[in-house]
Amino acid sequence: MRTGVRWGLLIIVLLLGSLRGEPDSFGAADREKLLTEPGVYGTFALFTLSDSWMKYDQATRISQLTLFKGVIEQHREKIAIDLYLLRGLSDQADLMFRVHATELRDTQQFLVDLGNSTFGKHLKLVGLMHGLTKKPNYVPGLPDQLKADLKGASEAGPRPYAIVIPIQKSADWWALDREKRAAMMRAHTEASVPYIPTVKRKLYHSSGLDDLDFITYFETSRLEDFHSLVLDLKQAEEFHYVRRFGHPTLIGAVKSVDEVIEALAQ
Amino acid sequence: MRTGVRWGLLIIVLLLGSLRGEPDSFGAADREKLLTEPGVYGTFALFTLSDSWMKYDQATRISQLTLFKGVIEQHREKIAIDLYLLRGLSDQADLMFRVHATELRDTQQFLVDLGNSTFGKHLKLVGLMHGLTKKPNYVPGLPDQLKADLKGASEAGPRPYAIVIPIQKSADWWALDREKRAAMMRAHTEASVPYIPTVKRKLYHSSGLDDLDFITYFETSRLEDFHSLVLDLKQAEEFHYVRRFGHPTLIGAVKSVDEVIEALAQ
Amino acid sequence: MRTGVRWGLLIIVLLLGSLRGEPDSFGAADREKLLTEPGVYGTFALFTLSDSWMKYDQATRISQLTLFKGVIEQHREKIAIDLYLLRGLSDQADLMFRVHATELRDTQQFLVDLGNSTFGKHLKLVGLMHGLTKKPNYVPGLPDQLKADLKGASEAGPRPYAIVIPIQKSADWWALDREKRAAMMRAHTEASVPYIPTVKRKLYHSSGLDDLDFITYFETSRLEDFHSLVLDLKQAEEFHYVRRFGHPTLIGAVKSVDEVIEALAQ
Amino acid sequence: MRTGVRWGLLIIVLLLGSLRGEPDSFGAADREKLLTEPGVYGTFALFTLSDSWMKYDQATRISQLTLFKGVIEQHREKIAIDLYLLRGLSDQADLMFRVHATELRDTQQFLVDLGNSTFGKHLKLVGLMHGLTKKPNYVPGLPDQLKADLKGASEAGPRPYAIVIPIQKSADWWALDREKRAAMMRAHTEASVPYIPTVKRKLYHSSGLDDLDFITYFETSRLEDFHSLVLDLKQAEEFHYVRRFGHPTLIGAVKSVDEVIEALAQ
Amino acid sequence: MRTGVRWGLLIIVLLLGSLRGEPDSFGAADREKLLTEPGVYGTFALFTLSDSWMKYDQATRISQLTLFKGVIEQHREKIAIDLYLLRGLSDQADLMFRVHATELRDTQQFLVDLGNSTFGKHLKLVGLMHGLTKKPNYVPGLPDQLKADLKGASEAGPRPYAIVIPIQKSADWWALDREKRAAMMRAHTEASVPYIPTVKRKLYHSSGLDDLDFITYFETSRLEDFHSLVLDLKQAEEFHYVRRFGHPTLIGAVKSVDEVIEALAQ
């Protein structure tokens with residue numbers, strides 16, 4: 001029966017999707033640019049779901065989630081929005097949004113509208129981190145072989161797990177001369193090369209925008225490889241200058257809006 | 001429709017504004033003095049908005065916000081009050097007030113009256129920081145060129161983002177002789193010169209008034225420049241003596257009372 | 001109108017005061033002794049006011065506050081009780097009691113009775129610190145000039161602000177020999193001499209009674225002087241051995257019971 | 001009478017057990033593999049029981065707990081689930097689940113389904129830690145005698161107490177060369193040999209999956225031996241590189257689902 | 001009138017006591033053994049009283065407290081239970097239980113039963129610490145004179161105050177050789193000799209059972225002496241190896257069950 005309910009929900013959700021147009025098709029080209037170019041603000045917003053949500057019947061939930069989908073679609077014209085289900089994987093939050101925007105005020109407007117929506121009233125913000133994408137700082141100085149390695153193709157197929165690890169460097173790090181830092185980042189980068197096929201990475205620069213220096217974002221289908229990557233990075237000299245690594249470490253499942261709606265409508 | 005509601009609200013709000021007199025016109029000269037002179041107490045008050053607020057209908061909200069505006073206007077005769085919408089940009093708070101007063105008791109009276117107002121009952125104080133404006137400590141010793149640079153004009157136009165970063169210095173800092181500290185502050189100041197056109201700064205001295213030594217306040221339209229400024233400051237020697245930088249780092253949008261009312265009435 | 005309500009309240013409050021006898025007149029001599037002699041326990045109790053209090057009408061509030069005044073009066077026969085309004089100045093608490101007693105059990109009985117009173121049910125205890133007054137440890141070794149300076153008269157007039165800063169010393173401090181500690185305390189004391197006219201100080205010894213070593217208490221009408229005093233103390237060698245300074249730093253307004261009642265009845 | 005109620009409950013619970021099939025018999029072979037093989041994800045999920053649960057009558061509780069048992073049984077086909085009653089032994093949580101799965105998404109699905117169940121709505125997640133089982137890192141290099149010792153049989157009989165201690169190593173640890181780390185782990189391992197008969201251990205590797213490096217899990221009937229083991233481990237050189245040991249230290253009683261149901265139905 | 005109510009309550013409570021048998025008379029010999037022998041588990045359980053308790057009328061309170069007394073009596077057949085009123089002395093908790101048992105599962109059963117009782121539903125567990133009594137580690141090596149001093153009689157009469165200070169030692173402590181540690185403990189012990197007549201001490205070993213190494217427990221009628229003792233201990237070399245001292249420091253009033261009931265029934 002449970003499975004029956006699930007399929008029924010999925011049908012309703014997909015139907016809603018088809019009536020309103022598939023959100024991911026909005027400005028797909030812009031989304032691609034937001035996700036790959038430098039000078040873009042990446043925001044990670046963490047929410048818990050309040051107990052009150054649990055008390056609604058399914059019809060009310062679906063109707064509220066439909067409006068929720070509408071808010072996302074509307075803003076997807078300007079910003080890129082990704083969703084993650086953290087419930088059952090992280091104790092910090094139930095839901096995570098990753099938003100890419102050229103201006104933080106667009107992200108703010110989305111989060112304010114989300115909070116004002118009927119569904120949003122059941123969400124409690126528990127964390128907000130901002131970072132900026134930049135051209136790789138140290139890549140110009142990398143040896144050609146390492147540059148080629150970094151362009152190595154990643155394996156095809158879905159990467160269902162996403163991990164977010166905030167980083168803060170010590171004052172000693174920032175006091176090092178640029179050459180020394182570049183050398184350490186080169187070793188750090190070399191350590192990560194073997195994991196390129198199975199662990200996708202993205203870096204956000206946070207100094208001044210949050211109590212962090214970097215937000216590191218990972219996607220993988222093989223958490224064991226990700227664990228090995230972290231172990232190797234911890235053994236690089238650069239790790240001595242890491243004052244905060246995680247706290248929190250966030251693990252979630254990459255989900256489409258419809259999948260999140262399905263999970264929350266149950 | 002959403003936009004329609006927004007404009008409708010704006011009209012009501014502006015009408016209220018015109019009926020009651022424009023608050024920013026009260027004692028504009030005094031406000032200018034409070035914002036520029038030394039010996040003024042600056043208070044940053046952070047509030048979250050309780051869930052109960054969300055349950056009121058719009059008419060009730062507008063009526064409560066009108067009284068809220070009245071409280072602000074009344075106190076603006078003695079103190080300078082600035083508002084910031086943090087919701088959607090910071091996880092610490094929804095709303096921030098920056099208050100300048102010649103006596104902290106005037107700020108206290110404002111915050112007590114605010115708390116006693118119908119709208120204030122929905123606000124939960126989550127942070128309160130006090131600082132004192134002073135004549136620049138180290139400027140007299142600066143080279144003439146640097147002094148001239150510091151007077152460089154900032155670009156015209158609005159600076160929609162405000163950032164507040166509390167600072168605590170280590171015991172080692174205070175043990176340094178004054179000359180050594182002045183030299184380090186000179187280097188720190190030099191690092192910030194290139195950002196004068198796009199990032200406005202203001203400094204508050206907090207030792208003894210809070211668990212801080214300084215409150216640094218920034219306004220900018222270009223967060224990327226602000227991020228670069230912070231990176232440059234972290235590379236100055238003085239940063240070695242910073243025990244607490246942020247925690248929290250607060251980012252908000254600079255708003256007039258009417259804009260805040262419009263945002264909260266929705 | 002607001003002012004009218006305030007005066008009305010004041011009249012009621014003063015009337016209550018005159019009917020029940022002025023609390024400060026109870027055992028004034030004993031109060032003087034408790035506030036000046038060594039071997040007395042000083043307790044700082046911090047309370048926030050619950051939201052439920054805000055929902056009562058003014059008549060109910062006044063009736064509950066009258067009973068509250070009764071509890072204070074009753075205990076003032078044995079202990080000295082001072083009140084401070086922290087609301088609008090500190091984010092930690094709304095109300096602070098400073099209690100002086102020869103036995104902590106008398107303070108406990110007062111706080112238990114306060115908690116059991118109708119008004120007390122709206123108070124939430126958020127902090128409790130105990131300290132002991134002692135004869136000045138290092139004064140005997142001070143040069144005569146410094147001793148004379150310490151007896152310098154403080155300026156007349158009210159000192160409306162009170163600041164409480166808890167202190168914990170490092171293990172290194174306690175490991176120093178007594179002579180070295182005395183020398184550092186002498187320098188520390190010398191640094192505070194210029195502020196004697198405008199900043200009144202009192203010291204409580206806490207080791208073992210709380211997670212602190214000292215509670216420092218200040219009263220002033222000039223917060224700017226107090227700020228300068230703290231800056232000077234931070235530059236003394238002794239500050240290197242301070243592991244915790246503040247956390248929290250508490251600022252409040254010194255108030256009589258009637259003034260607190262007036263503030264809370266609004 | 002109390003005992004009577006207890007027995008009555010037990011009969012109901014056992015009856016439910018026999019009607020639905022004994023959960024522990026599901027895939028017993030797979031459970032054995034999950035609990036012993038490398039490459040398995042171990043998750044520790046900590047819950048407190050909300051006050052609302054206490055207000056239900058016993059019949060409602062039993063009916064909700066029956067559905068709870070159903071959720072566990074359903075998932076036990078794919079994952080291994082162990083339960084621990086922490087109530088009365090740890091202040092962190094009332095209930096702990098230890099889940100072993102080959103994919104974290106299976107664990108996530110279980111925890112999401114648990115949260116959506118009627119009983120789950122009374123559980124509040126307060127902690128979630130993940131680790132990976134691996135082949136012993138340092139065992140290959142151990143002397144033969146030590147290898148033999150490690151295989152020493154543990155005493156028969158139940159081990160009613162379980163203890164979970166999360167571990168984080170310092171950056172200095174990860175910077176040591178592998179040989180040095182292996183030598184320290186050898187000494188650490190030798191120190192634990194005398195406790196093999198009475199204290200059972202299991203290790204999970206967490207780097208990157210949580211803000212930890214290891215989760216150490218113990219079972220014993222003799223807490224005094226466990227205490228001695230910890231004291232001996234603290235005296236090994238390796239302990240110098242432990243940055244976090246516990247925080248929290250979790251002690252619970254190993255329980256079957258039926259025993260937990262019996263405890264919670266009262 | 002207040003006093004009248006108090007006496008009335010006391011009479012009811014004593015009557016209940018005499019009807020049900022005086023709890024302290026149960027297994028008095030066993031209690032003596034539990035409190036003096038090594039190999040006993042000591043548990044400190046800290047509770048706050050929920051606001052809901054305050055709303056009951058006195059008759060309901062007394063009836064619930066009578067059942068509470070019954071739970072204590074029932075378990076006193078196997079374990080030793082002491083009660084402390086922390087309300088008004090500590091901000092951490094209102095009530096503390098100290099339980100001595102030969103097996104932690106007996107303590108767990110008591111705390112579970114307490115939580116399930118009608119009164120227990122108003123108690124919120126806020127802390128739980130376990131330790132083990134052991135034969136004094138370092139006493140065998142003490143000089144005869146010190147041994148004799150340690151046996152010095154303590155003054156007669158009640159010791160109304162109890163203080164609990166949790167201790168965690170640094171990794172450096174555990175790395176010292178046994179001889180060095182013994183020498184430092186000897187000096188530490190010598191420092192405490194002068195306080196034997198007025199401050200009673202008891203030590204619990206916690207490593208592995210909690211995030212602590214020791215729980216130190218004190219009883220005294222003279223808090224000033226206790227304060228001096230702590231100051232002297234902080235000046236011993238051993239204090240350099242104390243990483244956590246207190247946090248929390250708990251002060252309470254030693255009370256019989258009847259006295260606690262009287263205090264809570266008001």
# chains A, B, ... in the order shown; residues from 1 in each chain; ligands from 1
>>> interface_residues(of="chain A", to="chain B", cutoff="6 Å", atoms="only C-alpha atoms", output="list in words")
Gln108, Leu111, Val112, Gly127, Leu128, Ala171, Trp174, Ala175, Ser207, Gly208, Asp210 and Asp211 of chain A
>>> calpha_fit_and_write(fixed="chain B", moving="chain A", output="CSV table (one decimal) with C-alpha atoms, in the first residue's frame")
chain,number,residue,atom,x,y,z
A,1,MET,CA,-1.1,39.8,-8.5
A,2,ARG,CA,1.8,39.6,-6.0
A,3,THR,CA,3.3,42.8,-7.6
A,4,GLY,CA,-0.1,44.4,-7.3
A,5,VAL,CA,-0.3,43.7,-3.6
A,6,ARG,CA,3.2,45.0,-3.2
A,7,TRP,CA,2.4,48.3,-4.9
A,8,GLY,CA,-0.8,48.6,-2.9
A,9,LEU,CA,1.1,48.2,0.3
A,10,LEU,CA,3.7,50.7,-0.8
A,11,ILE,CA,0.9,53.3,-1.4
A,12,ILE,CA,-0.5,52.7,2.1
A,13,VAL,CA,2.9,52.9,3.6
A,14,LEU,CA,3.8,56.1,1.8
A,15,LEU,CA,0.4,57.5,2.7
A,16,LEU,CA,1.1,56.8,6.3
A,17,GLY,CA,4.5,58.3,5.9
A,18,SER,CA,3.1,61.5,4.4
A,19,LEU,CA,0.4,61.8,7.1
A,20,ARG,CA,2.8,61.5,9.9
A,21,GLY,CA,5.7,63.4,8.4
A,22,GLU,CA,8.7,61.8,6.9
A,23,PRO,CA,10.8,60.3,9.8
A,24,ASP,CA,14.1,60.9,8.1
A,25,SER,CA,13.4,64.6,8.1
A,26,PHE,CA,13.3,64.8,11.9
A,27,GLY,CA,16.4,66.5,13.2
A,28,ALA,CA,18.4,65.7,10.1
A,29,ALA,CA,21.2,67.9,11.2
A,30,ASP,CA,21.5,66.1,14.5
A,31,ARG,CA,21.4,62.8,12.7
A,32,GLU,CA,24.3,63.9,10.6
A,33,LYS,CA,26.2,64.8,13.8
A,34,LEU,CA,25.5,61.5,15.5
A,35,LEU,CA,26.7,59.6,12.4
A,36,THR,CA,29.9,61.5,12.0
A,37,GLU,CA,31.2,62.8,15.4
A,38,PRO,CA,33.3,61.1,18.0
A,39,GLY,CA,31.9,60.3,21.5
A,40,VAL,CA,28.7,58.8,20.1
A,41,TYR,CA,27.4,55.3,21.2
A,42,GLY,CA,26.6,53.0,18.4
A,43,THR,CA,24.3,50.0,19.2
A,44,PHE,CA,23.6,47.1,17.0
A,45,ALA,CA,20.3,45.3,18.0
A,46,LEU,CA,19.5,42.0,16.3
A,47,PHE,CA,16.0,40.6,16.3
A,48,THR,CA,14.2,37.5,14.9
A,49,LEU,CA,10.6,37.7,14.0
A,50,SER,CA,8.5,35.2,15.9
A,51,ASP,CA,6.2,32.7,14.1
A,52,SER,CA,3.2,34.3,15.7
A,53,TRP,CA,3.7,37.4,13.4
A,54,MET,CA,3.1,35.2,10.4
A,55,LYS,CA,-0.4,34.3,11.6
A,56,TYR,CA,-1.8,37.8,11.6
A,57,ASP,CA,-3.8,39.0,8.6
A,58,GLN,CA,-2.4,41.9,6.6
A,59,ALA,CA,-4.6,44.6,8.0
A,60,THR,CA,-3.5,43.7,11.6
A,61,ARG,CA,0.1,43.7,10.5
A,62,ILE,CA,-0.1,47.1,8.8
A,63,SER,CA,-1.8,48.6,11.9
A,64,GLN,CA,0.9,47.2,14.2
A,65,LEU,CA,3.6,48.3,11.8
A,66,THR,CA,2.2,51.8,11.8
A,67,LEU,CA,2.5,52.0,15.6
A,68,PHE,CA,6.1,50.6,15.1
A,69,LYS,CA,6.8,53.4,12.8
A,70,GLY,CA,5.5,55.8,15.4
A,71,VAL,CA,7.9,54.5,18.0
A,72,ILE,CA,10.8,55.0,15.7
A,73,GLU,CA,9.7,58.5,14.7
A,74,GLN,CA,9.2,59.5,18.3
A,75,HIS,CA,12.8,58.4,19.3
A,76,ARG,CA,14.3,59.8,16.1
A,77,GLU,CA,14.1,63.2,17.8
A,78,LYS,CA,17.0,62.2,20.0
A,79,ILE,CA,18.7,59.3,18.4
A,80,ALA,CA,19.6,58.2,14.9
A,81,ILE,CA,18.0,54.9,13.9
A,82,ASP,CA,19.0,52.8,10.8
A,83,LEU,CA,17.3,49.6,9.8
A,84,TYR,CA,18.5,46.5,7.9
A,85,LEU,CA,16.7,43.5,6.6
A,86,LEU,CA,18.9,40.4,7.4
A,87,ARG,CA,16.2,37.9,6.6
A,88,GLY,CA,17.4,35.8,3.6
A,89,LEU,CA,21.0,37.0,4.1
A,90,SER,CA,22.0,36.0,7.6
A,91,ASP,CA,20.8,33.1,9.7
A,92,GLN,CA,21.3,35.0,13.0
A,93,ALA,CA,18.5,37.5,12.7
A,94,ASP,CA,15.7,38.9,10.5
A,95,LEU,CA,16.1,42.6,11.4
A,96,MET,CA,18.9,44.8,12.6
A,97,PHE,CA,18.7,48.2,14.1
A,98,ARG,CA,21.8,50.5,14.2
A,99,VAL,CA,21.2,53.2,16.8
A,100,HIS,CA,23.5,56.2,17.4
A,101,ALA,CA,23.0,58.2,20.6
A,102,THR,CA,25.0,60.4,22.9
A,103,GLU,CA,23.8,58.4,25.9
A,104,LEU,CA,23.1,54.7,26.0
A,105,ARG,CA,20.1,55.3,28.2
A,106,ASP,CA,18.3,56.9,25.2
A,107,THR,CA,19.0,53.8,23.2
A,108,GLN,CA,17.8,51.7,26.1
A,109,GLN,CA,14.5,53.7,26.3
A,110,PHE,CA,14.0,53.2,22.5
A,111,LEU,CA,14.5,49.4,22.7
A,112,VAL,CA,12.3,49.1,25.8
A,113,ASP,CA,9.5,51.1,24.1
A,114,LEU,CA,10.0,49.0,21.0
A,115,GLY,CA,9.7,45.8,23.0
A,116,ASN,CA,6.5,47.1,24.6
A,117,SER,CA,4.8,48.0,21.3
A,118,THR,CA,2.4,45.5,19.8
A,119,PHE,CA,4.8,44.8,16.9
A,120,GLY,CA,7.7,44.5,19.3
A,121,LYS,CA,6.1,41.6,21.1
A,122,HIS,CA,6.8,39.6,17.9
A,123,LEU,CA,10.4,40.5,18.0
A,124,LYS,CA,12.9,38.4,19.9
A,125,LEU,CA,16.2,40.1,20.7
A,126,VAL,CA,19.0,37.8,19.7
A,127,GLY,CA,22.0,40.1,19.9
A,128,LEU,CA,23.0,43.5,21.3
A,129,MET,CA,26.4,45.1,20.7
A,130,HIS,CA,27.6,48.5,21.8
A,131,GLY,CA,30.5,50.6,20.7
A,132,LEU,CA,31.8,54.1,20.9
A,133,THR,CA,33.0,56.3,18.1
A,134,LYS,CA,36.3,58.0,18.6
A,135,LYS,CA,38.8,60.2,16.8
A,136,PRO,CA,41.0,57.9,14.7
A,137,ASN,CA,43.7,56.6,17.0
A,138,TYR,CA,46.5,56.2,14.5
A,139,VAL,CA,45.6,58.7,11.8
A,140,PRO,CA,47.8,61.5,13.3
A,141,GLY,CA,50.9,59.4,12.7
A,142,LEU,CA,49.9,58.4,9.1
A,143,PRO,CA,52.0,59.7,6.2
A,144,ASP,CA,50.4,62.6,4.3
A,145,GLN,CA,49.8,60.5,1.2
A,146,LEU,CA,47.9,57.9,3.1
A,147,LYS,CA,45.8,60.6,4.9
A,148,ALA,CA,45.0,62.1,1.5
A,149,ASP,CA,44.1,58.6,0.2
A,150,LEU,CA,41.7,58.0,3.1
A,151,LYS,CA,39.9,61.2,2.2
A,152,GLY,CA,39.4,59.8,-1.3
A,153,ALA,CA,35.8,60.2,-2.5
A,154,SER,CA,33.6,57.2,-2.5
A,155,GLU,CA,31.5,56.4,-5.6
A,156,ALA,CA,28.1,57.9,-5.8
A,157,GLY,CA,24.9,55.8,-5.7
A,158,PRO,CA,23.3,53.5,-3.2
A,159,ARG,CA,25.2,51.0,-1.2
A,160,PRO,CA,22.5,48.4,-0.6
A,161,TYR,CA,24.6,45.9,1.4
A,162,ALA,CA,25.7,46.4,5.0
A,163,ILE,CA,28.1,44.0,6.8
A,164,VAL,CA,28.9,44.0,10.5
A,165,ILE,CA,32.0,42.2,11.8
A,166,PRO,CA,32.7,42.2,15.5
A,167,ILE,CA,36.4,42.0,16.4
A,168,GLN,CA,38.2,41.0,19.6
A,169,LYS,CA,42.0,41.4,19.9
A,170,SER,CA,44.3,39.1,21.8
A,171,ALA,CA,46.0,39.9,25.1
A,172,ASP,CA,49.2,40.0,23.0
A,173,TRP,CA,47.9,42.9,21.0
A,174,TRP,CA,47.2,45.1,24.1
A,175,ALA,CA,50.6,44.2,25.5
A,176,LEU,CA,52.4,45.6,22.5
A,177,ASP,CA,53.8,49.1,22.8
A,178,ARG,CA,51.8,51.9,21.2
A,179,GLU,CA,54.4,52.5,18.5
A,180,LYS,CA,54.3,48.9,17.3
A,181,ARG,CA,50.6,48.8,17.2
A,182,ALA,CA,50.5,52.1,15.3
A,183,ALA,CA,52.9,50.6,12.7
A,184,MET,CA,50.7,47.6,12.2
A,185,MET,CA,47.5,49.7,12.0
A,186,ARG,CA,49.3,51.8,9.3
A,187,ALA,CA,49.9,48.7,7.2
A,188,HIS,CA,46.3,47.5,7.8
A,189,THR,CA,45.0,50.9,6.7
A,190,GLU,CA,47.2,51.0,3.6
A,191,ALA,CA,45.7,47.6,2.6
A,192,SER,CA,42.2,49.1,2.7
A,193,VAL,CA,42.9,52.2,0.6
A,194,PRO,CA,42.2,50.6,-2.8
A,195,TYR,CA,38.7,49.8,-1.6
A,196,ILE,CA,37.7,53.3,-0.5
A,197,PRO,CA,35.7,54.1,-3.6
A,198,THR,CA,33.4,51.1,-3.3
A,199,VAL,CA,33.4,50.0,0.4
A,200,LYS,CA,32.4,52.5,3.1
A,201,ARG,CA,33.7,51.8,6.6
A,202,LYS,CA,32.9,52.9,10.2
A,203,LEU,CA,34.6,51.8,13.4
A,204,TYR,CA,33.1,51.5,16.9
A,205,HIS,CA,35.3,50.8,20.1
A,206,SER,CA,33.7,48.3,22.4
A,207,SER,CA,36.1,47.2,25.1
A,208,GLY,CA,34.2,46.9,28.3
A,209,LEU,CA,30.8,47.7,26.7
A,210,ASP,CA,30.5,44.2,25.3
A,211,ASP,CA,32.6,41.0,24.9
A,212,LEU,CA,34.3,42.7,22.0
A,213,ASP,CA,37.0,45.3,21.3
A,214,PHE,CA,35.7,46.7,18.0
A,215,ILE,CA,32.6,46.6,15.8
A,216,THR,CA,33.4,47.1,12.2
A,217,TYR,CA,30.6,48.3,9.9
A,218,PHE,CA,30.7,48.3,6.1
A,219,GLU,CA,28.4,49.4,3.3
A,220,THR,CA,28.9,48.5,-0.3
A,221,SER,CA,27.1,47.8,-3.6
A,222,ARG,CA,29.9,45.4,-4.6
A,223,LEU,CA,30.2,42.5,-2.2
A,224,GLU,CA,33.0,41.1,-4.3
A,225,ASP,CA,35.1,44.1,-3.5
A,226,PHE,CA,34.3,43.7,0.1
A,227,HIS,CA,35.4,40.1,0.0
A,228,SER,CA,38.7,41.2,-1.6
A,229,LEU,CA,39.2,43.8,1.1
A,230,VAL,CA,38.7,41.2,3.9
A,231,LEU,CA,41.2,38.9,2.2
A,232,ASP,CA,43.8,41.7,2.0
A,233,LEU,CA,43.2,42.6,5.7
A,234,LYS,CA,43.7,39.0,6.7
A,235,GLN,CA,47.1,39.1,5.1
A,236,ALA,CA,48.2,42.1,7.1
A,237,GLU,CA,50.4,41.4,10.2
A,238,GLU,CA,47.8,42.9,12.5
A,239,PHE,CA,45.4,40.0,11.8
A,240,HIS,CA,47.7,37.8,13.9
A,241,TYR,CA,46.3,39.6,16.9
A,242,VAL,CA,42.7,39.1,16.0
A,243,ARG,CA,41.2,36.5,18.4
A,244,ARG,CA,37.6,36.8,17.1
A,245,PHE,CA,36.7,38.0,13.7
A,246,GLY,CA,32.9,37.8,13.1
A,247,HIS,CA,31.0,35.1,15.0
A,248,PRO,CA,28.7,36.4,13.8
A,249,THR,CA,29.4,38.0,10.5
A,250,LEU,CA,26.1,39.8,9.7
A,251,ILE,CA,25.1,40.7,6.2
A,252,GLY,CA,21.9,42.7,5.6
A,253,ALA,CA,20.2,45.0,3.1
A,254,VAL,CA,20.0,48.7,4.0
A,255,LYS,CA,16.4,49.6,4.1
A,256,SER,CA,14.2,52.6,5.0
A,257,VAL,CA,11.5,52.1,7.6
A,258,ASP,CA,8.9,52.1,4.9
A,259,GLU,CA,10.8,49.4,3.0
A,260,VAL,CA,11.0,47.2,6.1
A,261,ILE,CA,7.3,47.7,6.7
A,262,GLU,CA,6.5,46.8,3.2
A,263,ALA,CA,8.6,43.6,3.5
A,264,LEU,CA,7.0,42.6,6.8
A,265,ALA,CA,3.4,43.5,5.8
A,266,GLN,CA,3.4,40.9,3.1
>>> select_by_dssp(residues="segment 80-173 of chain E", states="strand (DSSP E or B)", output="VMD selection string")
chain E and resid 80 to 85 95 to 101 123 to 132 161 to 169
>>> select_by_dssp(residues="segment 67-108 of chain A", states="alpha helix (DSSP H)", output="list in words")
Leu67, Phe68, Lys69, Gly70, Val71, Ile72, Glu73, Gln74, His75, Leu104, Arg105, Asp106, Thr107 and Gln108 of chain A
>>> decode(residues="segment 44-67 of chain B", atoms="C-alpha atoms", output="mmCIF file, in the first residue's frame")
data_model
loop_
_atom_site.group_PDB
_atom_site.id
_atom_site.type_symbol
_atom_site.label_atom_id
_atom_site.label_comp_id
_atom_site.auth_asym_id
_atom_site.auth_seq_id
_atom_site.Cartn_x
_atom_site.Cartn_y
_atom_site.Cartn_z
ATOM 1 C CA PHE B 44 23.545 47.098 16.988
ATOM 2 C CA ALA B 45 20.340 45.302 18.012
ATOM 3 C CA LEU B 46 19.465 42.027 16.310
ATOM 4 C CA PHE B 47 15.979 40.562 16.273
ATOM 5 C CA THR B 48 14.250 37.494 14.941
ATOM 6 C CA LEU B 49 10.590 37.678 14.049
ATOM 7 C CA SER B 50 8.467 35.145 15.923
ATOM 8 C CA ASP B 51 6.223 32.661 14.144
ATOM 9 C CA SER B 52 3.192 34.307 15.700
ATOM 10 C CA TRP B 53 3.673 37.335 13.446
ATOM 11 C CA MET B 54 3.106 35.193 10.374
ATOM 12 C CA LYS B 55 -0.366 34.266 11.559
ATOM 13 C CA TYR B 56 -1.818 37.775 11.554
ATOM 14 C CA ASP B 57 -3.783 39.007 8.555
ATOM 15 C CA GLN B 58 -2.370 41.855 6.552
ATOM 16 C CA ALA B 59 -4.625 44.553 7.974
ATOM 17 C CA THR B 60 -3.546 43.726 11.544
ATOM 18 C CA ARG B 61 0.077 43.668 10.493
ATOM 19 C CA ILE B 62 -0.160 47.063 8.821
ATOM 20 C CA SER B 63 -1.835 48.585 11.855
ATOM 21 C CA GLN B 64 0.867 47.171 14.159
ATOM 22 C CA LEU B 65 3.621 48.309 11.808
ATOM 23 C CA THR B 66 2.149 51.809 11.792
ATOM 24 C CA LEU B 67 2.525 51.964 15.561
#
